[in-house]
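*Asks:* Dumping the structure here so I can ask a few things about it.
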There are 2 protein chains.
Amino acid sequence: MSGKLTVIGLGPGDTRFLTPEASAALEAAEAVYGYGPYLDRVPARAGQARHASDNREELDRAGAALAHAATGATVAMVSGGDPGVFAMAAAVIEAIEAGPAEWRGLELVIVPGITAMLAVAAKSGAPLGHDFCAISLSDNLKPWEVVEKRLRLAAQAGFAMAFYNPVSRARPHQLDTAFDILREELPDTVPVIFGRAVGRPDERLRTLPLAHARGHMADMATCIIVGSAETRLVERPGRPALVYTPRRAGDE
Amino acid sequence: MSGKLTVIGLGPGDTRFLTPEASAALEAAEAVYGYGPYLDRVPARAGQARHASDNREELDRAGAALAHAATGATVAMVSGGDPGVFAMAAAVIEAIEAGPAEWRGLELVIVPGITAMLAVAAKSGAPLGHDFCAISLSDNLKPWEVVEKRLRLAAQAGFAMAFYNPVSRARPHQLDTAFDILREELPDTVPVIFGRAVGRPDERLRTLPLAHARGHMADMATCIIVGSAETRLVERPGRPALVYTPRRAGDE
């Protein structure tokens, strides 16, 4: 079977994060599938079909791209950030697992990208400079109790944390609940970074102590990093403080 | 103060992972500092000084680059993968914190890169497709007991895990101890991926169940991903199985 699907990480925001491997894969594609705002970042190319879809239709989108590839075409699926981190790679593989046997014969290539937490971390210093975890706060696909359990264990483990999908209109209060749980487990002074639209022209970064972190400070375009008990600030005259987690750990 | 230090993530292996932002920062530098094998990946440029150092001299290297920038120069420090993940960004900020006050007046820019776990994950499927953590197994900078505690809590939390610095000549048995701990907490069937030199010509990927994972299968160039209890294999005729962690979680 000659069809091929390439799942491409665009990185956050503009093309300065787009790797040469991702650019080459976009050029080679006969058709590109993806969530509308991500597709809009891909320059139009003569003869290349584009199929935009809604953000909530991940499995349908994956199935459409796989069915297209199964006709023998070279198809691309674009994803913000890295496709393997709370993005399209897992959805595509779920679709392969549940789909017709011929989809398992397709060539599948996953092209990594800069995921949001790495861009937010770079902008603020090195808050993920030691052991850390990444958690989706969405309860679309897991019970909220699982999120709460993971937050407590992550804090007890001493991980810095990155939160993806921190809020939505359907669950405006859960992020406040998450901060309440962390305040039970961590010092009030732990730095919390809200990175919104990092890598885009309207990028905004805000750092404040856990004691003052509130759910309304985030929207779905925000990636949040919560430090560990060891995460520190280095103050600088005339510049924002640097936030970093030392490489040395364990004086706990 | 006009000096500038840019800490640049080269990504894993060859230049197909080097972002346009990283390329531009390398071009702009008057001098480039870094661990020898990373510097070797940067094409030579007329008039650009290169300062290679040993891998164990991170704080010295950071200090040398900062002192150079403080003369008013535009200096680059290169890092494999992403500089914010077990790499040079935290070391540079530690050096700023401990160094002369004038270093706080320098412009510091951190350019993110594709970190090893994202490249290994992309090669194998989507093993980090749901909540996950990243742990350095080195006990150079933290007591081994902290590593053991984090492994247990991460397994109990249901995180997939990526291990950096999994072994060294000084501690050949610790990775076996880590697998023993995980076998107490997780099913024997959990997939373990050993990704060595991913993105380089001698790249090697090996996946096997936790029951059969052994410390001698890794060296310092290996990034290991251990699935959660929900991580699955999708078998394919004539192709390696895809390893993925479903986006849906919590049937635990």
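Identifiers in the structure tokens: chain A, B, ... in order shown; residue index from 1 per chain; ligand index from 1 in order shown.
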Find the residues in chain B near chain A: any atom within 7 Å counts, using only C-alpha atoms. Write them as a count of residues only.
*Replies:* 52
*Asks:* Name the residues of region 4-178 of chain A that fall into strand (DSSP E) according to DSSP on the backbone, using the chain letters and numbers of this document, as a ChimeraX atom specification.
*Replies:* /A:4-9,31-35,49-53,74-79,107-111,125-126,132-136,160-164
*Asks:* Could you please determine the separation between CA of Gly199 (chain A) and CA of Val32 (chain B) in Å, to one decimal place?
*Replies:*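 Interatomic distance, CA of Gly199 (chain A) to CA of Val32 (chain B): 24.6 Å.
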*Asks:* Kindly indicate which residue among B:Ile225, B:Ala95, B:Val167, B:Ala116 lies nearest to Ala197 (chain B), using only C-alpha atoms for the distances.
*Replies:*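 The answer is B:Ala116, which sits nearest to Ala197 (chain B).
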*Asks:* Any idea what's packed within 12 Å of Asp202 (chain B), counting only C-alpha atoms, ignoring anything in its chain fewer than 5 positions away? Could you give it as a list in words?
*Replies:*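 Contacts, with the query itself left out: Gly13, Asp14, Gly195, Arg196, Ala197, Ala221 and Thr222 of chain B.
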*Asks:* How would the residues just chosen look if you wrote them out with N, CA and C atoms as an mmCIF file, in the first residue's frame?
*Replies:*
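Once everything was written out, this is selection-v4.cif:
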```
data_model
loop_
_atom_site.group_PDB
_atom_site.id
_atom_site.type_symbol
_atom_site.label_atom_id
_atom_site.label_comp_id
_atom_site.auth_asym_id
_atom_site.auth_seq_id
_atom_site.Cartn_x
_atom_site.Cartn_y
_atom_site.Cartn_z
ATOM 1 N N GLY B 13 20.106 15.452 17.047
ATOM 2 C CA GLY B 13 20.698 15.059 15.783
ATOM 3 C C GLY B 13 20.838 16.160 14.765
ATOM 4 N N ASP B 14 20.451 15.875 13.545
ATOM 5 C CA ASP B 14 20.877 16.729 12.430
ATOM 6 C C ASP B 14 20.018 17.989 12.267
ATOM 7 N N GLY B 195 15.231 4.800 23.003
ATOM 8 C CA GLY B 195 15.545 5.547 21.784
ATOM 9 C C GLY B 195 16.976 6.055 21.865
ATOM 10 N N ARG B 196 17.847 5.507 21.018
ATOM 11 C CA ARG B 196 19.258 5.907 21.091
ATOM 12 C C ARG B 196 19.623 6.744 19.879
ATOM 13 N N ALA B 197 20.255 7.895 20.126
ATOM 14 C CA ALA B 197 20.775 8.740 19.045
ATOM 15 C C ALA B 197 19.692 9.067 18.026
ATOM 16 N N ALA B 221 23.434 8.172 25.672
ATOM 17 C CA ALA B 221 22.810 8.764 24.480
ATOM 18 C C ALA B 221 21.384 8.262 24.283
ATOM 19 N N THR B 222 20.865 7.539 25.295
ATOM 20 C CA THR B 222 19.533 6.949 25.183
ATOM 21 C C THR B 222 18.513 7.789 25.946
#
```
*Asks:* Would you please give, as a list in words, all residues of region 64-94 of chain B that DSSP assigns to alpha helix (DSSP H) based on the backbone?
*Replies:*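 Those in region 64-94 of chain B that DSSP calls alpha helix (DSSP H) are Ala64, Ala65, Leu66, Ala67, His68, Ala69, Met88, Ala89, Ala90, Ala91, Val92, Ile93 and Glu94 of chain B.
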*Asks:* Give me, as CSV, each residue of region 148-198 of chain A that comes within 12 Å of region 207-211 of chain A, together with its shortest interatomic pair and the distance in Å at one decimal, counting only C-alpha atoms, with rows ordered by chain and rising residue number.
*Replies:*
```
residue,atom,partner,partner_atom,distance
A:Asp176,CA,A:Leu210,CA,11.0
A:Ala178,CA,A:Leu210,CA,10.9
A:Phe179,CA,A:Leu210,CA,7.3
A:Asp180,CA,A:Ala211,CA,9.0
A:Ile181,CA,A:Leu210,CA,10.8
A:Leu182,CA,A:Leu210,CA,8.1
A:Arg183,CA,A:Leu210,CA,6.9
A:Glu184,CA,A:Ala211,CA,10.6
A:Glu185,CA,A:Leu210,CA,11.0
A:Leu186,CA,A:Leu210,CA,8.5
A:Pro187,CA,A:Leu210,CA,7.7
A:Asp188,CA,A:Ala211,CA,4.7
A:Thr189,CA,A:Pro209,CA,4.9
A:Val190,CA,A:Leu210,CA,5.3
A:Pro191,CA,A:Pro209,CA,4.6
A:Val192,CA,A:Leu208,CA,5.4
A:Ile193,CA,A:Thr207,CA,4.4
A:Phe194,CA,A:Thr207,CA,6.3
A:Gly195,CA,A:Thr207,CA,8.6
A:Arg196,CA,A:Thr207,CA,11.5
```
*Asks:* Could you check how far CA of Cys223 (chain A) sits from CA of Leu5 (chain A), in Å to one decimal?
*Replies:*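 Here the two named atoms are 28.2 Å from each other.
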*Asks:* Have a look at CA of Gly81 (chain A) and CA of Met220 (chain A) and let me know their distance in Å, one decimal.
*Replies:*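 Value for the CA of Gly81 (chain A)-CA of Met220 (chain A) distance: 14.1 Å.
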*Asks:* Under the rule that only C-alpha atoms are counted, which of A:Val42, A:Ala67, A:Leu205, A:Met77 is the nearest residue to Met217 (chain A)?
*Replies:*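 So, comparing all the options, the nearest one is A:Leu205.
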